[in-house]
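The structure file input-v4.csv is reproduced below (CSV, C-alpha atoms and all ligand atoms).
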chain,number,residue,atom,x,y,z
A,23,MET,CA,-46.0,24.8,62.0
A,24,LYS,CA,-47.3,28.2,63.1
A,25,ARG,CA,-50.9,28.7,64.3
A,26,ILE,CA,-53.0,31.2,66.3
A,27,GLU,CA,-53.8,30.2,69.8
A,28,VAL,CA,-56.3,31.9,72.2
A,29,LEU,CA,-54.7,32.3,75.6
A,30,GLN,CA,-58.0,32.7,77.4
A,31,ALA,CA,-61.5,33.8,76.4
A,32,GLY,CA,-61.5,37.5,75.9
A,33,GLY,CA,-60.5,40.3,73.5
A,34,PRO,CA,-58.5,40.2,70.2
A,35,GLU,CA,-55.3,40.6,72.2
A,36,GLN,CA,-55.8,37.0,73.6
A,37,MET,CA,-54.8,35.6,70.2
A,38,VAL,CA,-51.1,34.8,69.8
A,39,LEU,CA,-48.9,33.3,67.1
A,40,ALA,CA,-47.5,30.0,68.4
A,41,GLU,CA,-45.5,27.0,67.2
A,42,ALA,CA,-47.3,23.6,67.3
A,43,PRO,CA,-47.0,20.1,65.7
A,44,GLU,CA,-49.0,19.5,62.5
A,45,PRO,CA,-52.4,18.0,63.2
A,46,ALA,CA,-52.7,14.2,62.9
A,47,LEU,CA,-54.9,12.8,60.2
A,48,ARG,CA,-57.9,10.7,61.0
A,49,PRO,CA,-59.4,8.3,58.4
A,50,GLY,CA,-61.2,10.2,55.6
A,51,GLU,CA,-59.1,13.3,56.2
A,52,VAL,CA,-56.5,15.3,54.2
A,53,LEU,CA,-53.9,17.7,55.4
A,54,VAL,CA,-54.1,21.1,53.6
A,55,ARG,CA,-51.1,23.4,53.4
A,56,VAL,CA,-53.1,26.6,54.0
A,57,ALA,CA,-52.5,29.6,51.8
A,58,ALA,CA,-55.4,31.8,53.1
A,59,ALA,CA,-58.1,31.4,55.7
A,60,GLY,CA,-61.5,33.1,56.1
A,61,VAL,CA,-62.5,35.1,59.2
A,62,ASN,CA,-66.1,34.6,60.3
A,63,ARG,CA,-68.4,35.9,63.0
A,64,PRO,CA,-68.4,32.5,64.8
A,65,ASP,CA,-64.6,32.9,65.2
A,66,VAL,CA,-65.2,36.1,67.2
A,67,GLN,CA,-67.8,34.4,69.3
A,68,GLN,CA,-65.5,31.4,70.0
A,69,ARG,CA,-62.6,33.7,70.9
A,70,ARG,CA,-64.9,35.4,73.4
A,71,GLY,CA,-65.8,32.0,74.9
A,72,LEU,CA,-69.4,32.2,73.7
A,73,TYR,CA,-69.3,29.5,71.0
A,74,PRO,CA,-67.4,26.5,72.2
A,75,PRO,CA,-66.2,24.0,69.5
A,76,PRO,CA,-68.0,20.6,69.4
A,77,PRO,CA,-66.1,17.9,71.3
A,78,GLU,CA,-64.6,16.2,68.2
A,79,ALA,CA,-63.5,19.5,66.5
A,80,SER,CA,-60.2,21.3,66.6
A,81,PRO,CA,-60.2,24.0,69.4
A,82,ILE,CA,-58.1,26.2,67.0
A,83,LEU,CA,-60.1,29.1,65.4
A,84,GLY,CA,-60.9,29.1,61.6
A,85,LEU,CA,-63.8,27.5,59.7
A,86,ASP,CA,-62.6,27.8,56.1
A,87,VAL,CA,-59.3,27.6,54.2
A,88,ALA,CA,-57.8,27.5,50.7
A,89,GLY,CA,-54.5,25.9,49.9
A,90,VAL,CA,-52.9,22.7,48.5
A,91,VAL,CA,-53.4,19.1,49.7
A,92,ALA,CA,-50.1,18.0,51.3
A,93,ARG,CA,-51.0,14.4,52.2
A,94,THR,CA,-54.1,12.2,52.7
A,95,ALA,CA,-55.3,9.4,54.9
A,96,ASP,CA,-55.0,6.0,53.2
A,97,ASP,CA,-58.7,5.7,52.5
A,98,VAL,CA,-59.0,9.0,50.6
A,99,THR,CA,-59.4,8.9,46.8
A,100,TRP,CA,-60.1,12.6,46.2
A,101,PRO,CA,-58.4,15.1,46.5
A,102,PRO,CA,-54.9,13.6,46.0
A,103,PRO,CA,-51.7,15.4,47.2
A,104,GLY,CA,-50.9,18.5,45.1
A,105,THR,CA,-54.6,19.4,44.5
A,106,PRO,CA,-55.5,23.1,45.1
A,107,VAL,CA,-58.7,23.1,47.2
A,108,CYS,CA,-60.9,25.3,49.3
A,109,ALA,CA,-62.6,23.6,52.2
A,110,LEU,CA,-65.1,24.0,55.1
A,111,VAL,CA,-63.1,22.9,58.1
A,112,ASN,CA,-64.2,21.8,61.6
A,113,GLY,CA,-61.9,24.4,63.2
A,114,GLY,CA,-58.1,24.7,62.8
A,115,GLY,CA,-58.1,27.1,59.8
A,116,TYR,CA,-55.9,29.8,61.5
A,117,ALA,CA,-52.8,27.6,60.9
A,118,GLU,CA,-50.2,26.7,58.3
A,119,SER,CA,-51.6,23.2,58.1
A,120,CYS,CA,-55.2,22.0,58.7
A,121,ALA,CA,-56.7,18.6,58.8
A,122,VAL,CA,-60.1,18.4,57.0
A,123,PRO,CA,-62.5,15.6,56.0
A,124,ALA,CA,-61.9,15.0,52.3
A,125,VAL,CA,-65.7,15.3,51.6
A,126,GLN,CA,-65.6,18.9,52.7
A,127,CYS,CA,-62.9,19.9,50.1
A,128,MET,CA,-64.0,21.5,46.8
A,129,PRO,CA,-62.0,22.4,43.7
A,130,ILE,CA,-61.1,26.1,43.4
A,131,PRO,CA,-63.6,27.8,41.1
A,132,ASN,CA,-62.0,28.6,37.7
A,133,GLY,CA,-60.2,31.9,37.7
A,134,PHE,CA,-60.2,32.3,41.5
A,135,GLY,CA,-57.0,32.8,43.6
A,136,PHE,CA,-56.5,31.4,47.0
A,137,VAL,CA,-57.7,34.5,48.8
A,138,GLU,CA,-61.0,34.6,46.9
A,139,ALA,CA,-61.4,30.8,47.3
A,140,ALA,CA,-60.9,31.1,51.1
A,141,SER,CA,-63.7,33.6,51.3
A,142,LEU,CA,-66.3,31.0,50.0
A,143,PRO,CA,-66.9,27.9,52.1
A,144,GLU,CA,-68.3,29.0,55.4
A,145,VAL,CA,-70.6,31.7,54.0
A,146,PHE,CA,-71.9,29.7,51.0
A,147,PHE,CA,-72.4,26.5,53.1
A,148,THR,CA,-74.3,28.5,55.6
A,149,ALA,CA,-76.4,30.3,53.0
A,150,TRP,CA,-77.2,27.0,51.2
A,151,ASN,CA,-78.0,25.1,54.4
A,152,ASN,CA,-80.4,27.7,55.7
A,153,VAL,CA,-81.9,29.3,52.6
A,154,ILE,CA,-82.2,26.2,50.3
A,155,MET,CA,-82.3,23.2,52.7
A,156,LEU,CA,-84.0,24.5,55.8
A,157,GLY,CA,-85.8,27.5,54.3
A,158,ARG,CA,-86.8,25.4,51.3
A,159,LEU,CA,-86.8,28.6,49.1
A,160,ALA,CA,-88.7,27.6,45.9
A,161,GLU,CA,-88.5,29.1,42.4
A,162,GLY,CA,-89.9,32.6,42.4
A,163,GLU,CA,-90.4,32.9,46.2
A,164,SER,CA,-89.3,36.0,48.0
A,165,LEU,CA,-86.6,36.3,50.7
A,166,LEU,CA,-85.6,38.8,53.4
A,167,VAL,CA,-81.9,38.8,54.4
A,168,GLN,CA,-81.1,40.5,57.6
A,169,GLY,CA,-77.6,41.9,57.5
A,170,GLY,CA,-77.3,41.8,53.7
A,171,THR,CA,-73.6,42.8,53.5
A,172,SER,CA,-72.4,40.1,55.9
A,173,GLY,CA,-70.5,37.4,54.1
A,174,VAL,CA,-73.5,35.0,54.6
A,175,GLY,CA,-75.9,37.8,53.5
A,176,LEU,CA,-74.2,38.5,50.2
A,177,ALA,CA,-74.0,34.7,49.5
A,178,ALA,CA,-77.7,34.3,50.3
A,179,ILE,CA,-78.8,37.3,48.2
A,180,GLN,CA,-77.0,35.8,45.2
A,181,ILE,CA,-78.1,32.2,45.6
A,182,ALA,CA,-81.7,33.3,45.9
A,183,THR,CA,-81.7,35.7,42.9
A,184,GLN,CA,-79.5,33.6,40.6
A,185,LEU,CA,-80.8,30.1,41.4
A,186,ARG,CA,-84.4,30.7,42.4
A,187,GLY,CA,-85.3,33.8,40.5
A,188,SER,CA,-86.3,35.3,43.9
A,189,THR,CA,-87.1,38.9,44.8
A,190,VAL,CA,-84.7,39.5,47.6
A,191,TYR,CA,-85.0,42.3,50.3
A,192,ALA,CA,-82.1,43.0,52.5
A,193,THR,CA,-81.4,45.1,55.6
A,194,ALA,CA,-78.1,46.8,56.4
A,195,GLY,CA,-76.7,49.4,58.8
A,196,SER,CA,-75.8,52.2,56.4
A,197,ALA,CA,-76.6,53.8,53.1
A,198,GLU,CA,-73.3,52.5,51.7
A,199,LYS,CA,-74.1,49.0,52.8
A,200,CYS,CA,-77.6,49.3,51.3
A,201,ARG,CA,-76.0,50.2,47.9
A,202,VAL,CA,-73.8,47.1,48.1
A,203,CYS,CA,-76.9,44.9,48.7
A,204,LEU,CA,-78.5,46.3,45.6
A,205,ASP,CA,-75.3,45.8,43.6
A,206,TYR,CA,-75.4,42.1,44.6
A,207,GLY,CA,-78.9,41.6,43.4
A,208,ALA,CA,-81.3,42.8,46.1
A,209,ALA,CA,-84.5,44.3,44.8
A,210,ALA,CA,-84.6,46.7,47.7
A,211,ALA,CA,-82.4,47.5,50.7
A,212,ILE,CA,-83.5,49.0,54.0
A,213,ASP,CA,-81.3,50.8,56.4
A,214,TYR,CA,-82.5,49.3,59.7
A,215,ARG,CA,-80.9,52.1,61.7
A,216,THR,CA,-83.0,54.9,60.0
A,217,GLU,CA,-86.1,53.0,58.8
A,218,ASP,CA,-88.7,50.6,60.3
A,219,PHE,CA,-87.9,47.5,58.2
A,220,CYS,CA,-91.3,46.0,58.9
A,221,ALA,CA,-93.3,49.0,57.7
A,222,ARG,CA,-91.1,49.3,54.7
A,223,LEU,CA,-91.4,45.6,53.8
A,224,ARG,CA,-95.2,45.7,54.1
A,225,GLU,CA,-95.2,48.6,51.7
A,226,LEU,CA,-92.7,46.9,49.3
A,227,THR,CA,-94.7,43.7,49.2
A,228,GLN,CA,-98.2,45.4,49.1
A,229,GLY,CA,-99.0,43.8,52.5
A,230,ARG,CA,-98.3,40.2,51.3
A,231,GLY,CA,-95.1,39.8,53.2
A,232,VAL,CA,-92.2,37.4,52.3
A,233,ASP,CA,-91.9,33.7,51.9
A,234,VAL,CA,-88.6,33.2,53.8
A,235,VAL,CA,-86.5,35.3,56.3
A,236,LEU,CA,-82.8,34.6,57.0
A,237,ASP,CA,-81.8,36.2,60.3
A,238,GLY,CA,-78.9,36.2,62.8
A,239,GLN,CA,-80.4,38.7,65.2
A,240,ALA,CA,-83.4,36.9,66.9
A,241,GLY,CA,-84.6,38.4,70.2
A,242,PRO,CA,-87.1,41.2,69.5
A,243,TYR,CA,-86.8,40.6,65.7
A,244,THR,CA,-88.4,37.2,65.8
A,245,ASP,CA,-92.0,38.0,66.3
A,246,LYS,CA,-91.8,40.9,63.9
A,247,GLU,CA,-90.3,38.5,61.3
A,248,LEU,CA,-93.1,35.9,61.8
A,249,GLY,CA,-95.6,38.8,61.3
A,250,LEU,CA,-93.9,39.7,58.0
A,251,LEU,CA,-94.3,36.2,56.6
A,252,ALA,CA,-96.8,35.3,53.9
A,253,PRO,CA,-98.9,32.2,54.7
A,254,ASP,CA,-96.7,29.0,54.8
A,255,GLY,CA,-93.6,31.3,55.3
A,256,ARG,CA,-90.4,30.3,57.1
A,257,VAL,CA,-88.1,32.2,59.4
A,258,VAL,CA,-84.6,30.6,59.6
A,259,LEU,CA,-82.4,31.7,62.5
A,260,ILE,CA,-78.6,31.4,62.1
A,261,ALA,CA,-77.7,33.2,65.3
A,262,SER,CA,-79.3,35.2,68.1
A,263,HIS,CA,-77.1,38.3,68.6
A,264,LEU,CA,-80.0,40.4,69.9
A,265,GLY,CA,-81.2,37.8,72.4
A,266,ALA,CA,-81.9,34.1,73.0
A,267,MET,CA,-85.5,34.7,74.2
A,268,ALA,CA,-88.4,35.9,72.2
A,269,GLU,CA,-92.1,36.3,72.8
A,270,VAL,CA,-93.9,35.2,69.7
A,271,ASN,CA,-97.5,35.0,68.5
A,272,VAL,CA,-98.0,31.2,68.3
A,273,ARG,CA,-101.6,31.6,67.3
A,274,ASP,CA,-100.4,33.3,64.1
A,275,ILE,CA,-98.0,30.3,63.5
A,276,VAL,CA,-101.0,27.9,63.8
A,277,ARG,CA,-103.4,30.0,61.7
A,278,ARG,CA,-101.1,30.8,58.8
A,279,ARG,CA,-98.9,27.6,58.9
A,280,LEU,CA,-95.7,29.4,59.6
A,281,THR,CA,-92.3,27.7,60.4
A,282,LEU,CA,-89.7,29.0,62.8
A,283,THR,CA,-86.5,27.0,62.5
A,284,GLY,CA,-82.7,27.5,62.7
A,285,SER,CA,-79.4,25.7,62.6
A,286,THR,CA,-75.6,25.8,63.2
A,287,LEU,CA,-73.4,24.1,60.7
A,288,ARG,CA,-70.4,23.2,62.8
A,289,PRO,CA,-71.8,20.2,64.7
A,290,ARG,CA,-73.2,18.5,61.6
A,291,PRO,CA,-71.3,15.3,60.5
A,292,PRO,CA,-69.0,15.3,57.5
A,293,ALA,CA,-71.5,13.3,55.4
A,294,TYR,CA,-74.0,16.2,55.7
A,295,LYS,CA,-71.4,18.8,54.9
A,296,GLY,CA,-70.2,16.7,52.0
A,297,ARG,CA,-73.8,16.8,50.5
A,298,ILE,CA,-73.7,20.6,50.7
A,299,ALA,CA,-70.2,20.7,49.1
A,300,ARG,CA,-71.4,18.6,46.2
A,301,ALA,CA,-74.5,20.8,45.7
A,302,LEU,CA,-72.3,24.0,45.8
A,303,VAL,CA,-69.8,22.6,43.3
A,304,GLU,CA,-72.6,21.6,40.9
A,305,GLU,CA,-74.9,24.7,41.2
A,306,VAL,CA,-72.9,27.6,42.5
A,307,TRP,CA,-69.3,27.1,41.4
A,308,PRO,CA,-70.1,27.5,37.6
A,309,LEU,CA,-71.8,30.8,38.4
A,310,LEU,CA,-68.7,32.0,40.4
A,311,ALA,CA,-66.5,31.0,37.5
A,312,ASP,CA,-68.5,33.0,35.0
A,313,GLY,CA,-69.1,36.0,37.3
A,314,ARG,CA,-72.8,35.7,37.8
A,315,ILE,CA,-72.1,35.1,41.5
A,316,ARG,CA,-69.3,37.2,43.1
A,317,THR,CA,-67.4,37.1,46.3
A,318,ARG,CA,-66.4,40.4,48.0
A,319,ILE,CA,-63.2,40.7,49.9
A,320,HIS,CA,-63.3,43.6,52.4
A,321,ALA,CA,-59.6,43.2,53.5
A,322,THR,CA,-56.7,40.8,53.6
A,323,VAL,CA,-54.6,40.6,56.8
A,324,PRO,CA,-51.4,38.7,57.6
A,325,LEU,CA,-51.9,35.7,60.0
A,326,ALA,CA,-49.7,37.4,62.7
A,327,GLU,CA,-52.1,40.4,62.6
A,328,VAL,CA,-55.2,38.4,63.2
A,329,ALA,CA,-56.3,40.8,66.1
A,330,ALA,CA,-56.7,43.6,63.5
A,331,ALA,CA,-59.0,41.2,61.4
A,332,HIS,CA,-61.2,40.5,64.4
A,333,GLY,CA,-61.2,44.2,65.2
A,334,MET,CA,-62.8,44.9,61.8
A,335,LEU,CA,-65.7,42.5,62.5
A,336,GLU,CA,-66.2,43.8,66.0
A,337,ALA,CA,-66.4,47.4,64.7
A,338,GLY,CA,-68.9,46.2,62.1
A,339,GLU,CA,-67.0,48.0,59.4
A,340,GLN,CA,-66.6,45.0,57.0
A,341,ILE,CA,-68.6,44.7,53.8
A,342,GLY,CA,-68.1,41.1,52.7
A,343,LYS,CA,-65.2,39.0,53.9
A,344,VAL,CA,-62.0,39.5,55.8
A,345,VAL,CA,-59.3,36.9,54.8
A,346,LEU,CA,-56.1,36.0,56.6
A,347,ILE,CA,-53.0,35.5,54.5
A,348,VAL,CA,-51.3,32.5,56.0
A,349,ASP,CA,-48.7,31.7,53.3
A,350,PRO,CA,-47.9,34.8,51.2
A,351,ALA,CA,-45.7,32.9,48.8
A,352,LEU,CA,-48.4,30.3,48.1
A,353,VAL,CA,-51.0,33.1,47.6
A,354,THR,CA,-48.7,34.8,45.1
A,355,ALA,CA,-48.0,31.5,43.3
A,356,GLY,CA,-51.8,30.9,43.0
A,357,PRO,CA,-53.6,27.6,42.4
A,358,GLY,CA,-52.0,27.4,38.9
B,1,LIG,N1,-75.7,29.1,61.9
B,1,LIG,C1,-74.6,28.9,61.2
B,1,LIG,O1,-74.3,27.9,60.8
B,1,LIG,C2,-73.7,30.2,61.0
B,1,LIG,C3,-72.5,30.0,60.3
B,1,LIG,C4,-71.8,31.2,60.0
B,1,LIG,C5,-72.3,32.5,60.4
B,1,LIG,N2,-73.5,32.5,61.1
B,1,LIG,C6,-74.1,33.8,61.5
B,1,LIG,O2,-74.4,34.4,60.3
B,1,LIG,C7,-74.3,35.9,60.4
B,1,LIG,C8,-73.4,36.4,59.4
B,1,LIG,O3,-72.1,35.9,59.6
B,1,LIG,P1,-70.8,36.5,58.9
B,1,LIG,O4,-69.6,35.8,59.4
B,1,LIG,O5,-71.1,36.6,57.5
B,1,LIG,O6,-70.9,37.9,59.7
B,1,LIG,P2,-70.6,39.3,59.5
B,1,LIG,O7,-70.0,39.6,58.2
B,1,LIG,O8,-69.8,39.7,60.7
B,1,LIG,O9,-72.0,40.0,59.6
B,1,LIG,C9,-72.8,40.3,60.7
B,1,LIG,C10,-74.0,41.1,60.2
B,1,LIG,O10,-75.0,41.3,61.2
B,1,LIG,C11,-75.6,42.5,60.8
B,1,LIG,N3,-76.4,43.2,61.9
B,1,LIG,C12,-75.9,43.6,63.1
B,1,LIG,N4,-76.9,44.1,63.8
B,1,LIG,C13,-78.0,44.0,63.0
B,1,LIG,C14,-79.4,44.4,63.2
B,1,LIG,N5,-79.8,44.9,64.3
B,1,LIG,N6,-80.3,44.1,62.1
B,1,LIG,C15,-79.8,43.5,61.0
B,1,LIG,N7,-78.6,43.2,60.8
B,1,LIG,C16,-77.7,43.4,61.8
B,1,LIG,C17,-74.5,43.4,60.4
B,1,LIG,O11,-75.0,44.4,59.6
B,1,LIG,P3,-74.6,45.9,59.5
B,1,LIG,O12,-73.1,45.9,59.5
B,1,LIG,O13,-75.2,46.4,58.3
B,1,LIG,O14,-75.1,46.5,60.8
B,1,LIG,C18,-73.6,42.4,59.6
B,1,LIG,O15,-73.9,42.4,58.3
B,1,LIG,C19,-73.9,36.1,61.8
B,1,LIG,O16,-75.0,36.3,62.6
B,1,LIG,C20,-73.2,34.8,62.2
B,1,LIG,O17,-73.2,34.6,63.6
B,1,LIG,C21,-74.2,31.4,61.4
If you convert what's in this file into structure tokens, what do you get?
Amino acid sequence: MKRIEVLQAGGPEQMVLAEAPEPALRPGEVLVRVAAAGVNRPDVQQRRGLYPPPPEASPILGLDVAGVVARTADDVTWPPPGTPVCALVNGGGYAESCAVPAVQCMPIPNGFGFVEAASLPEVFFTAWNNVIMLGRLAEGESLLVQGGTSGVGLAAIQIATQLRGSTVYATAGSAEKCRVCLDYGAAAAIDYRTEDFCARLRELTQGRGVDVVLDGQAGPYTDKELGLLAPDGRVVLIASHLGAMAEVNVRDIVRRRLTLTGSTLRPRPPAYKGRIARALVEEVWPLLADGRIRTRIHATVPLAEVAAAHGMLEAGEQIGKVVLIVDPALVTAGPG
């Protein structure tokens, strides 16, 4: 089978199309014939050598796929061979075949093609894990999403508005991106390049602040975000692109019972990811099928042109998801 290999940590030119044997199946796994694969920010970080895969995971890039189950380990009861699925994978998505724990597979939402389905797992798992599970966003609470037009950002805005009735505020880096945040349900969007997001949020919330913040920037943002929280509020970090170190007002954490937490999804065991998969299929998949929650595809790129796909993320031009077409014939045939 064909797959993308990274020659050495570095720029997009380090990714090459190579021939390799199909991955072996471990107990509990299925082999997916990949139609399309999502491109995510952690792939870019891994390619640069900044986000090494956990020891048990495939070193091949790619965290989510959609395709058809080709075969299964003996102990797998669902999904059987021939089932169209989308899946959160532990690496190995940039390839014609990918081994994945069966519990991380999900049916394709009604009416979705393989490209749309491949855009879902990584961003919806991440949004669910951090907004609902760690952030404990409750009915009617408010949420600030930093980087609202990222794949994770658009998923978080919609989960919060559609499932928790939340008022969601989002930041984004241009007027066009702010318009997209509003279109996906944000009550207000702030261009962080031209406005002070803290001052604007204080104004928007009449000084109360927000209940939960979802942030991938950290560094100098962290103390500002803690200061923006209402009493008992939570800041959830999903990355630290602006810096690993932050000086924070701990007295304020004590006085107002604030929580600063964070997570990465990839090292979590299949059983944990399986719980998220079941919650998504139950609560989010029906809303994707009836259009109340939408995915947004920024671009599709053939597998062999993966460098162009990473270039889009590095230029920060994408709004929503970039998806690799791995098997054009399967994409055209659709999940049926
Ligand atoms: N912890 C986990 O399990 C996990 C899993 C997947 C992804 N992530 C993280 O989640 C985030 C989104 O991932 P993705 O794949 O959906 O990425 P993406 O589409 O590449 O988005 C990155 C986002 O960061 C925003 N951004 C950049 N500088 C910013 C700033 N100074 N203030 C506010 N926003 C800023 C960008 O906004 P503009 O373009 O508007 O500037 C862009 O929307 C990334 O930080 C990624 O590392 C974490």
Output as JSON lines one row per residue of region 63-132 of chain A within 10 Å of region 272-293 of chain A: the closest atom pair and its distance in Å to one decimal place, counting all atoms listed in the file, sorted by chain and residue number ascending.
{"residue": "A:Pro64", "atom": "CA", "partner": "A:Arg288", "partner_atom": "CA", "distance": 9.7}
{"residue": "A:Pro75", "atom": "CA", "partner": "A:Arg288", "partner_atom": "CA", "distance": 7.9}
{"residue": "A:Pro76", "atom": "CA", "partner": "A:Pro289", "partner_atom": "CA", "distance": 6.1}
{"residue": "A:Pro77", "atom": "CA", "partner": "A:Pro289", "partner_atom": "CA", "distance": 9.0}
{"residue": "A:Glu78", "atom": "CA", "partner": "A:Pro289", "partner_atom": "CA", "distance": 8.9}
{"residue": "A:Ala79", "atom": "CA", "partner": "A:Pro289", "partner_atom": "CA", "distance": 8.5}
{"residue": "A:Leu85", "atom": "CA", "partner": "A:Arg288", "partner_atom": "CA", "distance": 8.5}
{"residue": "A:Leu110", "atom": "CA", "partner": "A:Arg288", "partner_atom": "CA", "distance": 9.4}
{"residue": "A:Val111", "atom": "CA", "partner": "A:Arg288", "partner_atom": "CA", "distance": 8.7}
{"residue": "A:Asn112", "atom": "CA", "partner": "A:Arg288", "partner_atom": "CA", "distance": 6.5}
{"residue": "A:Gly113", "atom": "CA", "partner": "A:Arg288", "partner_atom": "CA", "distance": 8.6}
{"residue": "A:Val122", "atom": "CA", "partner": "A:Pro292", "partner_atom": "CA", "distance": 9.4}
{"residue": "A:Pro123", "atom": "CA", "partner": "A:Pro292", "partner_atom": "CA", "distance": 6.7}
{"residue": "A:Ala124", "atom": "CA", "partner": "A:Pro292", "partner_atom": "CA", "distance": 8.8}
{"residue": "A:Val125", "atom": "CA", "partner": "A:Pro292", "partner_atom": "CA", "distance": 6.8}
{"residue": "A:Gln126", "atom": "CA", "partner": "A:Pro292", "partner_atom": "CA", "distance": 6.9}
Could the residues of chain A that have an atom at most 7 Å from ligand LIG 1 (chain B) be listed as a Markdown table, each with its closest atom pair and the distance in Å to one decimal, counting only C-alpha atoms and all ligand atoms and ordered by chain and ascending residue number?
| residue | atom | partner | partner_atom | distance |
| --- | --- | --- | --- | --- |
| A:Asn62 | CA | B:LIG1 | O4 | 3.8 |
| A:Arg63 | CA | B:LIG1 | O4 | 3.8 |
| A:Pro64 | CA | B:LIG1 | O17 | 5.4 |
| A:Glu144 | CA | B:LIG1 | C4 | 6.2 |
| A:Val145 | CA | B:LIG1 | O5 | 6.0 |
| A:Thr148 | CA | B:LIG1 | O1 | 5.2 |
| A:Gln168 | CA | B:LIG1 | C15 | 4.7 |
| A:Gly169 | CA | B:LIG1 | N7 | 3.7 |
| A:Gly170 | CA | B:LIG1 | O15 | 5.8 |
| A:Thr171 | CA | B:LIG1 | O15 | 4.8 |
| A:Ser172 | CA | B:LIG1 | O7 | 3.4 |
| A:Gly173 | CA | B:LIG1 | O5 | 3.5 |
| A:Val174 | CA | B:LIG1 | O5 | 4.1 |
| A:Gly175 | CA | B:LIG1 | O5 | 6.4 |
| A:Thr193 | CA | B:LIG1 | C15 | 5.9 |
| A:Ala194 | CA | B:LIG1 | O13 | 3.5 |
| A:Gly195 | CA | B:LIG1 | O13 | 3.4 |
| A:Ser196 | CA | B:LIG1 | O13 | 6.1 |
| A:Lys199 | CA | B:LIG1 | O13 | 6.2 |
| A:Tyr214 | CA | B:LIG1 | N6 | 6.1 |
| A:Gly238 | CA | B:LIG1 | O16 | 3.9 |
| A:Gln239 | CA | B:LIG1 | C14 | 6.1 |
| A:Ile260 | CA | B:LIG1 | N1 | 3.7 |
| A:Ala261 | CA | B:LIG1 | O16 | 4.9 |
| A:His263 | CA | B:LIG1 | O16 | 6.7 |
| A:Ser285 | CA | B:LIG1 | N1 | 5.1 |
| A:Thr286 | CA | B:LIG1 | O1 | 3.4 |
| A:Leu287 | CA | B:LIG1 | O1 | 3.9 |
| A:Arg288 | CA | B:LIG1 | O1 | 6.4 |
| A:Leu335 | CA | B:LIG1 | O8 | 5.3 |
| A:Gly338 | CA | B:LIG1 | O12 | 4.9 |
| A:Glu339 | CA | B:LIG1 | O12 | 6.5 |
| A:Gln340 | CA | B:LIG1 | O7 | 6.5 |
| A:Ile341 | CA | B:LIG1 | O7 | 6.9 |
| A:Gly342 | CA | B:LIG1 | O7 | 6.0 |
| A:Lys343 | CA | B:LIG1 | O7 | 6.5 |
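Remark: for Asp213 (chain A), the closest of the candidate residues A:Leu159, A:Ala337, A:Val167, A:Ala197 is A:Ala197 (distances computed over all atoms listed in the file).
As for CA of Arg256 (chain A) and CA of Asp233 (chain A), they are spaced 6.4 Å apart.
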Inset, instruction - Using all atoms listed in the file, find the one residue out of A:Val61, A:Tyr191, A:Gly255, A:Arg201 that sits nearest to Arg224 (chain A). - result: A:Tyr191
Legend entry - Distance query Ala140 (chain A) at most 6 Å, only C-alpha atoms, self and fewer than 4 positions along chain excluded, as number ranges by chain: A: 58-60, 87-88
Please write the residues from the selection above to a file, keeping C-alpha atoms, as a compact mmCIF listing (two decimals), in the coordinates of the input.
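So out_0.txt came out as:
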# COMPACT_ATOMS: atom_id res chain seq x y z
CA ALA A 58 -55.40 31.80 53.10
CA ALA A 59 -58.10 31.40 55.70
CA GLY A 60 -61.50 33.10 56.10
CA VAL A 87 -59.30 27.60 54.20
CA ALA A 88 -57.80 27.50 50.70
Inset, instruction - Would you mind listing what lies within 6 Å of Gly162 (chain A) as a ChimeraX atom specification, with all atoms listed in the file counted and same-chain residues fewer than 4 positions away left out? - result: /A:186-188
Output for the residues just chosen: C-alpha atoms as a short mmCIF file (atom, residue, chain, number, x, y, z; two decimals), in the frame of the given file:
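See part.cif below for the written result:
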data_model
loop_
_atom_site.label_atom_id
_atom_site.label_comp_id
_atom_site.auth_asym_id
_atom_site.auth_seq_id
_atom_site.Cartn_x
_atom_site.Cartn_y
_atom_site.Cartn_z
CA ARG A 186 -84.40 30.70 42.40
CA GLY A 187 -85.30 33.80 40.50
CA SER A 188 -86.30 35.30 43.90
#
Legend entry - Residue nearest Ala210 (chain A) - candidates A:Thr189, A:Gln228, A:Asn271, A:Ser80, atoms counted: all atoms listed in the file: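 Nearest to Ala210 (chain A): A:Thr189.
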Inset, instruction - Mind giving me the straight-line distance from CA of Arg48 (chain A) to CA of Val306 (chain A) in Å, one decimal? - result: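 The value is 29.2 Å.
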Where's the centre, and what are the edge lengths in Å to one decimal, of a box along x, y and z enclosing all listed atoms of region 72-80 of chain A padded 4 Å per side, as JSON?
{"center_x": -64.8, "center_y": 24.2, "center_z": 70.1, "size_x": 17.2, "size_y": 24.0, "size_z": 15.2}
Legend entry - Point-to-point distance from CA of Leu156 (chain A) to CA of Gly241 (chain A), Å rounded to tenths: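 Going from CA of Leu156 (chain A) over to CA of Gly241 (chain A) covers 20.0 Å.
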Inset, instruction - Compare A:Gly229, A:Gly296, A:Pro45, A:Pro350 by their minimum atom-to-atom distance to Arg25 (chain A), counting all atoms listed in the file, and give me the closest one. - result: A:Pro45
Quick one: residues within 8 Å of Pro101 (chain A), all atoms listed in the file counted, chain neighbours fewer than 5 positions away excluded, as a PDB file with C-alpha atoms, in the coordinates of the input?
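As a result, result18.pdb now contains:
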ATOM      1  CA  VAL A  52     -56.500  15.300  54.200  1.00  0.00           C
ATOM      2  CA  VAL A  91     -53.400  19.100  49.700  1.00  0.00           C
ATOM      3  CA  ALA A 124     -61.900  15.000  52.300  1.00  0.00           C
ATOM      4  CA  CYS A 127     -62.900  19.900  50.100  1.00  0.00           C
TER       5      CYS A 127
END
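Using only C-alpha atoms, the shortest contact distance between Ala182 (chain A) and any of A:Val258, A:Met128, A:Ile315, A:Arg300 is found at A:Ile315.
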